[in-house]
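Okay, model.cif is below, mmCIF, C-alpha atoms:
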data_work
#
loop_
_atom_site.label_atom_id
_atom_site.label_comp_id
_atom_site.auth_asym_id
_atom_site.auth_seq_id
_atom_site.Cartn_x
_atom_site.Cartn_y
_atom_site.Cartn_z
CA MET F 1474 85.04 -40.19 6.65
CA THR F 1475 85.94 -42.50 3.77
CA ASP F 1476 88.88 -44.86 4.34
CA ALA F 1477 91.44 -44.60 1.54
CA GLN F 1478 91.75 -48.39 1.54
CA THR F 1479 88.07 -49.10 0.93
CA GLY F 1480 86.74 -50.22 -2.41
CA ARG F 1481 84.05 -48.41 -4.37
CA LEU F 1482 80.48 -49.31 -5.24
CA TYR F 1483 79.53 -48.45 -8.84
CA VAL F 1484 75.83 -48.27 -9.71
CA VAL F 1485 75.85 -49.06 -13.42
CA SER F 1486 73.02 -48.51 -15.89
CA THR F 1487 72.69 -51.23 -18.55
CA PRO F 1488 70.61 -51.45 -21.76
CA ILE F 1489 66.82 -51.76 -21.53
CA GLY F 1490 66.59 -53.60 -24.83
CA ASN F 1491 69.10 -52.59 -27.48
CA LEU F 1492 72.45 -54.00 -26.31
CA GLY F 1493 74.27 -51.09 -27.95
CA ASP F 1494 72.85 -48.69 -25.35
CA ILE F 1495 75.72 -48.96 -22.90
CA THR F 1496 78.43 -46.39 -22.29
CA VAL F 1497 82.15 -46.88 -22.82
CA ARG F 1498 82.68 -46.00 -19.16
CA ALA F 1499 80.20 -48.67 -18.06
CA ILE F 1500 82.00 -51.34 -20.10
CA GLU F 1501 85.39 -50.31 -18.70
CA THR F 1502 84.07 -50.32 -15.15
CA LEU F 1503 82.42 -53.72 -15.48
CA ARG F 1504 85.74 -55.10 -16.68
CA GLU F 1505 87.79 -53.53 -13.90
CA VAL F 1506 85.76 -54.16 -10.72
CA SER F 1507 86.31 -57.20 -8.50
CA VAL F 1508 82.73 -58.44 -8.76
CA ILE F 1509 79.54 -57.61 -10.66
CA LEU F 1510 76.33 -57.84 -8.63
CA ALA F 1511 73.51 -58.83 -10.98
CA GLU F 1512 69.80 -59.19 -10.40
CA ASP F 1513 69.67 -62.30 -12.60
CA THR F 1514 73.13 -63.68 -13.37
CA ARG F 1515 71.88 -65.76 -16.30
CA HIS F 1516 70.13 -62.79 -17.87
CA SER F 1517 73.20 -60.57 -17.54
CA ARG F 1518 75.53 -63.10 -19.17
CA THR F 1519 74.26 -62.11 -22.63
CA LEU F 1520 75.24 -58.47 -22.17
CA LEU F 1521 78.59 -59.32 -20.56
CA ALA F 1522 79.50 -61.80 -23.30
CA ARG F 1523 78.59 -59.23 -25.98
CA HIS F 1524 81.22 -56.86 -24.60
CA ASP F 1525 83.85 -59.46 -23.60
CA ILE F 1526 83.42 -58.83 -19.89
CA THR F 1527 84.73 -61.77 -17.85
CA THR F 1528 84.47 -60.30 -14.34
CA PRO F 1529 83.00 -62.70 -11.72
CA VAL F 1530 79.24 -62.26 -11.30
CA GLU F 1531 77.27 -62.77 -8.10
CA SER F 1532 73.51 -62.68 -7.52
CA TYR F 1533 72.04 -59.66 -5.78
CA ARG F 1534 68.25 -59.52 -5.91
CA GLU F 1535 65.17 -58.82 -3.87
CA HIS F 1536 65.16 -62.24 -2.22
CA ASN F 1537 68.75 -62.20 -0.97
CA GLU F 1538 69.67 -58.52 -0.57
CA ALA F 1539 69.01 -58.39 3.18
CA ARG F 1540 71.23 -61.43 3.75
CA ALA F 1541 73.93 -60.50 1.25
CA THR F 1542 74.36 -56.78 2.00
CA PRO F 1543 76.48 -57.00 5.21
CA GLY F 1544 79.02 -59.32 3.58
CA ILE F 1545 79.31 -57.14 0.48
CA VAL F 1546 79.85 -54.03 2.60
CA ALA F 1547 82.55 -55.83 4.57
CA ARG F 1548 84.31 -56.73 1.31
CA LEU F 1549 84.00 -53.14 0.09
CA ARG F 1550 85.56 -51.98 3.35
CA ALA F 1551 88.36 -54.48 2.80
CA GLY F 1552 89.21 -52.97 -0.59
CA GLU F 1553 87.16 -54.83 -3.21
CA SER F 1554 85.15 -52.80 -5.71
CA PHE F 1555 81.71 -53.87 -6.90
CA ALA F 1556 79.45 -52.92 -9.81
CA LEU F 1557 75.72 -53.17 -9.19
CA ILE F 1558 73.53 -53.81 -12.24
CA SER F 1559 69.89 -54.74 -12.73
CA ASP F 1560 68.35 -56.88 -15.45
CA ALA F 1561 67.80 -53.74 -17.51
CA GLY F 1562 68.14 -50.00 -17.09
CA THR F 1563 69.16 -48.08 -14.00
CA PRO F 1564 69.37 -49.93 -10.66
CA LEU F 1565 67.19 -48.84 -7.72
CA LEU F 1566 64.36 -47.61 -10.00
CA SER F 1567 61.83 -50.36 -9.24
CA ASP F 1568 64.84 -52.68 -8.90
CA PRO F 1569 66.94 -53.88 -5.95
CA GLY F 1570 69.91 -51.87 -4.72
CA ALA F 1571 68.68 -49.15 -2.36
CA ARG F 1572 69.57 -51.21 0.72
CA LEU F 1573 73.14 -51.77 -0.49
CA VAL F 1574 73.70 -48.14 -1.51
CA ARG F 1575 72.49 -46.91 1.88
CA ALA F 1576 74.60 -49.45 3.76
CA ALA F 1577 77.69 -48.60 1.71
CA ILE F 1578 77.28 -44.88 2.37
CA ASP F 1579 76.79 -45.52 6.10
CA ALA F 1580 80.01 -47.55 6.09
CA GLY F 1581 81.99 -44.74 4.48
CA VAL F 1582 82.23 -46.39 1.06
CA VAL F 1583 82.20 -44.16 -2.03
CA VAL F 1584 79.18 -44.78 -4.29
CA SER F 1585 79.63 -43.79 -7.94
CA PRO F 1586 76.63 -43.76 -10.31
CA LEU F 1587 77.26 -44.50 -13.99
CA PRO F 1588 74.24 -43.05 -15.84
CA GLY F 1589 72.77 -44.63 -18.92
CA ALA F 1590 69.62 -46.30 -20.20
CA SER F 1591 66.36 -45.91 -18.28
CA ALA F 1592 62.88 -46.94 -19.41
CA LEU F 1593 61.49 -44.09 -17.34
CA LEU F 1594 63.50 -41.41 -19.14
CA ALA F 1595 63.21 -43.01 -22.57
CA ALA F 1596 59.41 -43.05 -22.28
CA LEU F 1597 59.26 -39.53 -20.87
CA THR F 1598 61.37 -37.97 -23.59
CA GLY F 1599 59.47 -39.69 -26.41
CA ALA F 1600 55.93 -39.37 -25.08
CA GLY F 1601 55.29 -35.76 -26.06
CA LEU F 1602 53.94 -34.80 -22.63
CA ASP F 1603 55.42 -32.05 -20.48
CA ALA F 1604 58.74 -33.31 -19.12
CA GLU F 1605 59.75 -30.15 -17.25
CA ARG F 1606 58.45 -31.68 -14.04
CA PHE F 1607 57.24 -35.22 -13.36
CA THR F 1608 56.65 -37.77 -10.60
CA PHE F 1609 57.69 -41.41 -10.95
CA PHE F 1610 55.53 -43.96 -9.13
CA GLY F 1611 57.14 -47.24 -10.18
CA PHE F 1612 54.67 -50.14 -10.03
CA LEU F 1613 51.34 -49.29 -8.39
CA PRO F 1614 49.88 -51.34 -5.54
CA ARG F 1615 47.64 -54.05 -6.90
CA LYS F 1616 44.57 -53.40 -4.73
CA GLY F 1617 43.11 -51.91 -1.57
CA ARG F 1618 43.52 -48.54 0.05
CA GLU F 1619 47.12 -48.15 -1.07
CA ARG F 1620 46.10 -48.42 -4.72
CA THR F 1621 43.20 -46.01 -4.24
CA ALA F 1622 45.48 -43.49 -2.54
CA ALA F 1623 48.09 -43.79 -5.30
CA LEU F 1624 45.48 -43.29 -8.04
CA ASP F 1625 44.03 -40.25 -6.27
CA THR F 1626 47.52 -38.74 -5.97
CA ILE F 1627 48.34 -39.39 -9.63
CA VAL F 1628 45.09 -37.89 -10.92
CA ALA F 1629 45.51 -34.76 -8.77
CA LEU F 1630 49.08 -34.04 -9.89
CA PRO F 1631 49.53 -30.79 -11.81
CA HIS F 1632 52.42 -32.35 -13.75
CA THR F 1633 53.17 -35.58 -15.63
CA ALA F 1634 52.95 -38.91 -13.79
CA VAL F 1635 55.01 -41.92 -14.90
CA VAL F 1636 54.07 -45.48 -13.94
CA TYR F 1637 55.52 -48.91 -14.70
CA GLU F 1638 52.80 -51.46 -15.38
CA ALA F 1639 52.56 -55.13 -16.31
CA ALA F 1640 51.21 -55.52 -19.84
CA ASN F 1641 48.15 -57.53 -18.75
CA ARG F 1642 47.15 -54.83 -16.24
CA VAL F 1643 47.37 -51.77 -18.52
CA ALA F 1644 43.65 -51.68 -19.40
CA ASP F 1645 42.62 -52.09 -15.74
CA THR F 1646 44.90 -49.26 -14.63
CA LEU F 1647 43.64 -46.97 -17.38
CA ARG F 1648 40.03 -47.74 -16.38
CA ASP F 1649 40.89 -47.02 -12.75
CA LEU F 1650 42.48 -43.70 -13.70
CA ALA F 1651 39.33 -42.80 -15.63
CA ALA F 1652 37.16 -43.70 -12.65
CA HIS F 1653 39.27 -41.45 -10.42
CA GLY F 1654 38.70 -38.41 -12.62
CA ALA F 1655 41.20 -38.59 -15.48
CA ARG F 1656 38.75 -39.76 -18.13
CA GLY F 1657 39.53 -37.15 -20.79
CA ARG F 1658 43.15 -36.55 -19.80
CA ASP F 1659 45.97 -37.05 -22.31
CA ALA F 1660 47.98 -40.22 -21.70
CA VAL F 1661 50.65 -42.30 -23.42
CA VAL F 1662 51.39 -46.01 -23.34
CA ALA F 1663 55.08 -46.48 -24.20
CA ARG F 1664 55.96 -50.06 -25.07
CA GLU F 1665 59.21 -51.97 -25.64
CA MET F 1666 61.52 -48.95 -25.35
CA THR F 1667 64.65 -49.26 -27.61
CA LYS F 1668 63.54 -52.68 -28.88
CA GLN F 1669 62.44 -53.76 -32.35
CA PHE F 1670 58.73 -53.15 -31.71
CA GLU F 1671 59.06 -49.89 -29.77
CA GLU F 1672 55.74 -48.04 -29.79
CA PHE F 1673 54.14 -44.91 -28.37
CA ARG F 1674 50.35 -44.96 -28.37
CA ARG F 1675 48.82 -41.60 -27.47
CA GLY F 1676 45.25 -40.62 -26.66
CA THR F 1677 42.88 -39.85 -23.83
CA VAL F 1678 42.70 -42.20 -20.86
CA ASP F 1679 39.23 -43.32 -21.95
CA ALA F 1680 40.28 -44.03 -25.54
CA LEU F 1681 43.39 -45.95 -24.49
CA ALA F 1682 41.41 -47.97 -21.92
CA GLU F 1683 38.98 -48.98 -24.67
CA TYR F 1684 41.81 -49.85 -27.06
CA TYR F 1685 43.73 -52.03 -24.62
CA GLY F 1686 40.52 -53.53 -23.30
CA GLU F 1687 40.32 -55.34 -26.63
CA GLY F 1688 43.81 -56.77 -26.29
CA ALA F 1689 46.68 -56.31 -23.85
CA PRO F 1690 49.95 -54.86 -25.19
CA LYS F 1691 53.00 -57.07 -25.40
CA GLY F 1692 56.31 -56.45 -23.71
CA GLU F 1693 57.49 -53.91 -21.15
CA VAL F 1694 55.17 -50.94 -20.61
CA VAL F 1695 55.52 -47.43 -19.23
CA LEU F 1696 52.29 -45.50 -18.69
CA LEU F 1697 52.34 -41.69 -18.64
CA LEU F 1698 49.52 -39.35 -17.64
CA ALA F 1699 49.41 -35.61 -18.31
CA GLY F 1700 49.02 -33.32 -15.31
CA ALA F 1701 45.66 -31.97 -14.23
CA ALA F 1702 44.67 -28.57 -15.59
CA PRO F 1703 44.86 -25.73 -13.07
CA ARG F 1704 41.65 -25.32 -11.13
CA GLN F 1705 39.77 -22.09 -11.78
CA LEU F 1706 39.17 -20.33 -8.47
CA ASP F 1707 35.83 -18.64 -7.92
CA GLU F 1708 36.67 -15.77 -5.57
CA GLY F 1709 33.01 -15.05 -4.94
CA ALA F 1710 32.34 -18.63 -3.85
CA LEU F 1711 35.44 -18.58 -1.64
CA ARG F 1712 34.24 -15.34 -0.01
CA GLU F 1713 30.83 -16.86 0.71
CA HIS F 1714 32.50 -19.96 2.17
CA ALA F 1715 34.70 -17.78 4.38
CA GLN F 1716 31.62 -15.91 5.60
CA ARG F 1717 29.84 -19.19 6.44
CA LEU F 1718 32.89 -20.41 8.35
CA ARG F 1719 33.05 -17.11 10.28
CA ALA F 1720 29.33 -17.31 11.07
CA GLY F 1721 29.90 -20.81 12.36
CA GLY F 1722 32.51 -19.60 14.82
CA ALA F 1723 35.71 -20.43 12.92
CA SER F 1724 38.73 -18.31 13.78
CA THR F 1725 40.51 -16.22 11.16
CA ARG F 1726 43.43 -18.64 11.30
CA ASP F 1727 41.13 -21.64 10.72
CA ILE F 1728 39.41 -19.91 7.81
CA VAL F 1729 42.76 -19.30 6.11
CA ARG F 1730 43.82 -22.91 6.66
CA LEU F 1731 40.56 -24.37 5.36
CA LEU F 1732 40.50 -22.19 2.25
CA VAL F 1733 44.07 -23.23 1.43
CA GLU F 1734 43.78 -26.94 2.29
CA ASP F 1735 40.26 -27.68 1.05
CA HIS F 1736 39.97 -25.28 -1.90
CA ASP F 1737 43.58 -24.77 -3.06
CA ALA F 1738 43.26 -21.02 -2.57
CA PRO F 1739 46.53 -19.05 -2.65
CA ARG F 1740 47.50 -18.15 0.90
CA ASN F 1741 47.46 -14.39 0.26
CA LEU F 1742 43.91 -14.59 -1.15
CA ALA F 1743 42.74 -16.80 1.73
CA TYR F 1744 44.25 -14.35 4.22
CA ARG F 1745 42.47 -11.39 2.59
CA LEU F 1746 39.10 -13.14 2.49
CA ALA F 1747 39.43 -14.31 6.09
CA HIS F 1748 39.95 -10.72 7.23
CA GLU F 1749 37.10 -9.15 5.26
#
Would you kindly transcribe this structure into structure tokens?
Amino acid sequence: MTDAQTGRLYVVSTPIGNLGDITVRAIETLREVSVILAEDTRHSRTLLARHDITTPVESYREHNEARATPGIVARLRAGESFALISDAGTPLLSDPGARLVRAAIDAGVVVSPLPGASALLAALTGAGLDAERFTFFGFLPRKGRERTAALDTIVALPHTAVVYEAANRVADTLRDLAAHGARGRDAVVAREMTKQFEEFRRGTVDALAEYYGEGAPKGEVVLLLAGAAPRQLDEGALREHAQRLRAGGASTRDIVRLLVEDHDAPRNLAYRLAHE
């Protein structure tokens, strides 16, 4: 249960480029809280000065969050209110803050999100790809099995995938996506959202990989990949596979499971074929 005397933790979205992209509520909250927790205090000073916000600012970033979180929670419990901001956009999305939010909730502190700018949503709404359903992957692993697994997952998705990527790695990631089966898939490279040189470059994965192979984009980049087209099921081939499994001694239950897991067959179809 929340103590009436505790403070409140506000998770505040800030501009991703254009300093005008901040809500009235965010400005009022940043002025009223006891302390602003900023990823880079020097970076945030520009935004705070623009809106005449003089609230004390403390550093809260990846390298000190484990050490700083218990003390902040204790101060929240004692009645101070804090606003958590990142360098740009919405905290916790590929930015520090998840540890503090979880710790505050566990301590009975109210957490209030103040929505606003997000590179993820800005890119998604301007890309022209299906935005009804999407999966956000943040920054991909740089190498090894984790990267391979992430690429396989992205390419297999039936809906839009959204990735943050460093500008100098865009061509490599596009080439990797092509190698994993997305060669002719529609994709978008969204660059410098809300800034002077904002750009959406659209094309197939192959075409974009070739374009950026000749020169890396500049600025902050969001990469979007269209979902995979639905696989066309061949009922005849599935029936033959079910018969081979049965001849090999597989149980009806195992045949259903294998048709669903290995061939993406609808469960009702797999059940029918397994019982024929």
* Reference answer for the PyMOL selection byres ((chain F and resi 1615) around 12), as a PyMOL selection string -> chain F and resi 1612-1614+1616-1624+1638-1639+1642-1643+1645-1646+1649
Output of the PyMOL selection byres ((chain F and resi 1662) around 9), listed as a PDB file with C-alpha atoms, keeping the file's coordinate frame:
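Final output, selection-v8.pdb:
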ATOM      1  CA  ALA F1596      59.410 -43.050 -22.280  1.00  0.00           C
ATOM      2  CA  ALA F1600      55.930 -39.370 -25.080  1.00  0.00           C
ATOM      3  CA  VAL F1643      47.370 -51.770 -18.520  1.00  0.00           C
ATOM      4  CA  ALA F1660      47.980 -40.220 -21.700  1.00  0.00           C
ATOM      5  CA  VAL F1661      50.650 -42.300 -23.420  1.00  0.00           C
ATOM      6  CA  ALA F1663      55.080 -46.480 -24.200  1.00  0.00           C
ATOM      7  CA  ARG F1664      55.960 -50.060 -25.070  1.00  0.00           C
ATOM      8  CA  GLU F1672      55.740 -48.040 -29.790  1.00  0.00           C
ATOM      9  CA  PHE F1673      54.140 -44.910 -28.370  1.00  0.00           C
ATOM     10  CA  ARG F1674      50.350 -44.960 -28.370  1.00  0.00           C
ATOM     11  CA  ARG F1675      48.820 -41.600 -27.470  1.00  0.00           C
ATOM     12  CA  GLY F1676      45.250 -40.620 -26.660  1.00  0.00           C
ATOM     13  CA  LEU F1681      43.390 -45.950 -24.490  1.00  0.00           C
ATOM     14  CA  VAL F1694      55.170 -50.940 -20.610  1.00  0.00           C
ATOM     15  CA  VAL F1695      55.520 -47.430 -19.230  1.00  0.00           C
ATOM     16  CA  LEU F1696      52.290 -45.500 -18.690  1.00  0.00           C
ATOM     17  CA  LEU F1697      52.340 -41.690 -18.640  1.00  0.00           C
ATOM     18  CA  LEU F1698      49.520 -39.350 -17.640  1.00  0.00           C
TER      19      LEU F1698
END
* Mind listing as a ChimeraX atom specification all residues within 8 Å of (81.2, -43.0, -8.6), counting all atoms listed in the file? -> /F:1481-1484,1583-1587
* To do: Could you state which residues are captured by the PyMOL selection byres ((chain F and resi 1576) around 12) in this file, as a list in words?
  => Leu1482, Glu1538, Ala1539, Ala1541, Thr1542, Pro1543, Gly1544, Ile1545, Val1546, Ala1547, Leu1549, Arg1550, Gly1570, Ala1571, Arg1572, Leu1573, Val1574, Arg1575, Ala1577, Ile1578, Asp1579, Ala1580, Gly1581, Val1582, Val1583 and Val1584 of chain F
* Counting only C-alpha atoms, the option among F:Ala1715, F:Met1666, F:Ala1499, F:Ala1522 closest to Thr1598 (chain F) -> F:Met1666
* **Coordinates-based distance that separates CA of Tyr1637 (chain F) from CA of Ala1592 (chain F) (Å, one decimal)** =>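 Between CA of Ala1592 (chain F) and CA of Tyr1637 (chain F) the gap works out to 9.0 Å.
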Hey, could you make a per-residue contact list for region 1543-1564 of chain F against region 1507-1516 of chain F with 9 Å as the cut-off, showing the nearest pair of atoms and its distance in Å to one decimal, counting all atoms listed in the file, sorted by chain and number, as JSON lines?
{"residue": "F:Glu1553", "atom": "CA", "partner": "F:Ser1507", "partner_atom": "CA", "distance": 5.9}
{"residue": "F:Ser1554", "atom": "CA", "partner": "F:Ser1507", "partner_atom": "CA", "distance": 5.3}
{"residue": "F:Phe1555", "atom": "CA", "partner": "F:Val1508", "partner_atom": "CA", "distance": 5.0}
{"residue": "F:Ala1556", "atom": "CA", "partner": "F:Ile1509", "partner_atom": "CA", "distance": 4.8}
{"residue": "F:Leu1557", "atom": "CA", "partner": "F:Leu1510", "partner_atom": "CA", "distance": 4.7}
{"residue": "F:Ile1558", "atom": "CA", "partner": "F:Ala1511", "partner_atom": "CA", "distance": 5.2}
{"residue": "F:Ser1559", "atom": "CA", "partner": "F:Glu1512", "partner_atom": "CA", "distance": 5.0}
{"residue": "F:Asp1560", "atom": "CA", "partner": "F:Glu1512", "partner_atom": "CA", "distance": 5.7}
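One finds CA of Thr1633 (chain F) at 21.9 Å from CA of Ala1738 (chain F).
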* Selected residue of minimal separation from Gly1490 (chain F) among F:Gly1722, F:Gly1562, F:Pro1529, F:Pro1588, counting all atoms listed in the file ->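 Closest to Gly1490 (chain F) of all the choices is F:Gly1562.
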* Please tell me which residues are no farther than 12 Å from (56.2, -31.0, -20.3) in the file, counting all atoms listed in the file, and write them as a list in words. => Leu1597, Thr1598, Gly1599, Ala1600, Gly1601, Leu1602, Asp1603, Ala1604, Glu1605, Arg1606, Phe1607, Thr1608, Pro1631, His1632, Thr1633, Ala1634, Leu1697, Leu1698, Ala1699 and Gly1700 of chain F
* Asked: Any idea what's packed within 9 Å of Gly1611 (chain F), counting all atoms listed in the file, ignoring anything in its chain fewer than 4 positions away? Could you give it as a PyMOL selection string?
  -> chain F and resi 1566-1567+1593+1635-1638
* Between F:Ala1655, F:Ile1500, F:Leu1731, F:Ile1495, single out the one closest to Ala1590 (chain F), counting all atoms listed in the file. =>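 For Ala1590 (chain F), the nearest of the given residues is F:Ile1495.
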* Provide the CA of Ala1689 (chain F) to CA of Leu1647 (chain F) distance in Å, to one decimal place. =>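 About the pair CA of Ala1689 (chain F) and CA of Leu1647 (chain F): they are 11.8 Å apart.
Residues lying within 9 Å of Asp1494 (chain F), counting only C-alpha atoms and ignoring same-chain neighbours fewer than 3 positions away, are Thr1487, Pro1488, Ile1489, Gly1490, Asn1491, Gly1589, Ala1590 and Thr1667 of chain F.
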So for region 1512-1531 of chain F, what box centre and size do we get, axis-aligned, 4 Å extra on each of the six sides, every listed atom, Å to one decimal, as AutoDock Vina command-line options?
--center_x 77.2 --center_y -61.3 --center_z -17.0 --size_x 23.1 --size_y 16.9 --size_z 25.9
* **Selected residue, from F:Arg1518, F:Arg1719, F:Arg1498, F:Arg1712, that lies nearest to Glu1531 (chain F) when counting all atoms listed in the file** =>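 Of all the options, F:Arg1518 lies closest to Glu1531 (chain F).
Minimum atom-to-atom distances from F:Glu1693, F:Asp1727, F:Glu1683, F:Asp1659 to Glu1671 (chain F) were compared using all atoms listed in the file, and the lowest value belongs to F:Glu1693.
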